[in-house]
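S.K.: Pasting protein_18.json below, which is JSON, C-alpha atoms.
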[["chain", "number", "residue", "atom", "x", "y", "z"],
["A", 2, "GLN", "CA", 0.00, 0.00, 0.00],
["A", 3, "THR", "CA", 2.80, 2.42, 0.82],
["A", 4, "ARG", "CA", 4.51, 1.81, -2.50],
["A", 5, "ALA", "CA", 1.24, 2.24, -4.41],
["A", 6, "GLU", "CA", 0.57, 5.55, -2.65],
["A", 7, "PHE", "CA", 4.10, 6.72, -3.42],
["A", 8, "GLU", "CA", 3.67, 5.84, -7.10],
["A", 9, "ALA", "CA", 0.28, 7.58, -7.23],
["A", 10, "ASN", "CA", 1.81, 10.77, -5.83],
["A", 11, "ARG", "CA", 5.10, 10.63, -7.73],
["A", 12, "SER", "CA", 4.06, 13.32, -10.22],
["A", 13, "LEU", "CA", 2.56, 15.79, -7.75],
["A", 14, "THR", "CA", 3.41, 19.39, -8.58],
["A", 15, "ASP", "CA", 1.10, 21.27, -6.22],
["A", 16, "GLU", "CA", 3.27, 22.47, -3.34],
["A", 17, "LYS", "CA", 0.48, 22.14, -0.75],
["A", 18, "LYS", "CA", -0.23, 18.55, -1.77],
["A", 19, "ILE", "CA", 3.47, 17.71, -1.69],
["A", 20, "LYS", "CA", 3.84, 19.16, 1.81],
["A", 21, "LYS", "CA", 0.74, 17.28, 2.97],
["A", 22, "SER", "CA", 2.10, 14.01, 1.57],
["A", 23, "LEU", "CA", 5.50, 14.58, 3.18],
["A", 24, "LYS", "CA", 3.88, 15.35, 6.55],
["A", 25, "HIS", "CA", 1.88, 12.13, 6.30],
["A", 26, "ALA", "CA", 5.04, 10.16, 5.48],
["A", 27, "VAL", "CA", 6.84, 11.61, 8.52],
["A", 28, "ASN", "CA", 3.88, 10.71, 10.76],
["A", 29, "VAL", "CA", 3.81, 7.15, 9.41],
["A", 30, "GLU", "CA", 7.55, 6.81, 9.99],
["A", 31, "ASP", "CA", 7.09, 7.99, 13.59],
["A", 32, "VAL", "CA", 4.37, 5.40, 14.25],
["A", 33, "ILE", "CA", 6.50, 2.61, 12.79],
["A", 34, "ARG", "CA", 9.60, 3.61, 14.76],
["A", 35, "ARG", "CA", 7.70, 3.93, 18.06],
["A", 36, "TYR", "CA", 5.17, 1.11, 17.93],
["A", 37, "VAL", "CA", 6.50, -1.65, 15.69],
["A", 38, "VAL", "CA", 9.08, -4.16, 16.87],
["A", 39, "GLN", "CA", 10.52, -7.30, 15.39],
["A", 40, "ALA", "CA", 10.07, -10.36, 17.56],
["A", 41, "PRO", "CA", 11.91, -13.38, 16.25],
["A", 42, "ARG", "CA", 10.87, -16.74, 17.69],
["A", 43, "SER", "CA", 13.27, -18.20, 20.23],
["A", 44, "GLU", "CA", 15.02, -21.36, 19.11],
["A", 45, "GLU", "CA", 15.49, -22.50, 22.72],
["A", 46, "LYS", "CA", 11.92, -22.19, 24.07],
["A", 47, "ASP", "CA", 8.54, -22.97, 22.51],
["A", 48, "ASN", "CA", 6.07, -20.09, 22.18],
["A", 49, "THR", "CA", 8.75, -17.57, 23.18],
["A", 50, "TYR", "CA", 9.81, -14.49, 21.25],
["A", 51, "SER", "CA", 12.70, -12.11, 21.74],
["A", 52, "ILE", "CA", 11.85, -8.43, 21.67],
["A", 53, "LYS", "CA", 14.51, -5.75, 21.85],
["A", 54, "PHE", "CA", 13.16, -2.30, 22.63],
["A", 55, "THR", "CA", 15.18, 0.80, 21.85],
["A", 56, "SER", "CA", 15.03, 4.35, 23.16],
["A", 57, "GLU", "CA", 12.80, 5.23, 20.19],
["A", 58, "HIS", "CA", 9.98, 2.95, 21.28],
["A", 59, "ALA", "CA", 6.92, 4.30, 23.06],
["A", 60, "LEU", "CA", 8.08, 2.88, 26.40],
["A", 61, "ARG", "CA", 9.74, 6.20, 27.13],
["A", 62, "ASP", "CA", 6.36, 7.93, 26.86],
["A", 63, "GLY", "CA", 4.76, 5.77, 29.52],
["A", 64, "HIS", "CA", 2.43, 4.08, 27.03],
["A", 65, "PRO", "CA", 1.30, 0.62, 28.03],
["A", 66, "ILE", "CA", 2.47, -2.21, 25.83],
["A", 67, "LEU", "CA", -0.17, -4.76, 24.99],
["A", 68, "ILE", "CA", 0.96, -8.05, 23.53],
["A", 69, "LYS", "CA", -1.75, -10.07, 21.89],
["A", 70, "SER", "CA", -1.10, -13.46, 20.47],
["A", 71, "SER", "CA", -3.20, -16.43, 19.50],
["A", 72, "LEU", "CA", -0.70, -18.46, 21.53],
["A", 73, "GLN", "CA", -1.86, -16.68, 24.71],
["A", 74, "LYS", "CA", -5.63, -17.15, 24.28],
["A", 75, "ASN", "CA", -6.16, -19.85, 26.87],
["A", 76, "LYS", "CA", -3.30, -19.07, 29.21],
["A", 77, "PRO", "CA", -3.79, -17.17, 32.48],
["A", 78, "ALA", "CA", -2.20, -13.73, 32.63],
["A", 79, "GLU", "CA", 1.22, -13.56, 34.24],
["A", 80, "ASP", "CA", 2.18, -10.68, 36.56]]
If you convert what's in this file into structure tokens, what do you get?
M.R.:
Amino acid sequence: QTRAEFEANRSLTDEKKIKKSLKHAVNVEDVIRRYVVQAPRSEEKDNTYSIKFTSEHALRDGHPILIKSSLQKNKPAED
């Protein structure tokens, strides 16, 4: 979808539309940097993933992190 939107806007010449598109791109980048992490599956433990947070992630803003997984559906919550 991102690539298609880029291609659709490639020939924009209206300065206001260009600035609006650039602002949107910056906002999307911010969301991805702050709220998306890679979580490779652990080779040592079943149903375990390794997540490495950086200083860019939303943790620094005090936002709660919710992890939802189909693997956790029937398991009791851990404190």
S.K.: Would you list the contacts of segment 22-33 of chain A as a ChimeraX atom specification, taking every protein, DNA or RNA residue within 10 Å and counting all atoms listed in the file, but skipping same-chain residues closer than 6 positions in sequence?
M.R.: /A:3,6-7,10,13,16,57-59
S.K.: Report, in Å to a single decimal, how far apart atom CA of Arg11 of chain A and atom CA of Arg34 of chain A are.
M.R.: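 Result for atom CA of Arg34 of chain A versus atom CA of Arg11 of chain A: 24.0 Å, one decimal.
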S.K.: Tell me, in Å to one decimal, how far atom CA of Tyr50 of chain A is from atom CA of Gln2 of chain A.
M.R.: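 Answer for the atom CA of Tyr50 of chain A to atom CA of Gln2 of chain A separation: 27.5 Å.
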S.K.: Could you jot down the atom CA of Tyr36 of chain A to atom CA of Phe54 of chain A separation for me, Å, one decimal place?
M.R.: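 About the pair atom CA of Tyr36 of chain A and atom CA of Phe54 of chain A: they are 9.9 Å apart.
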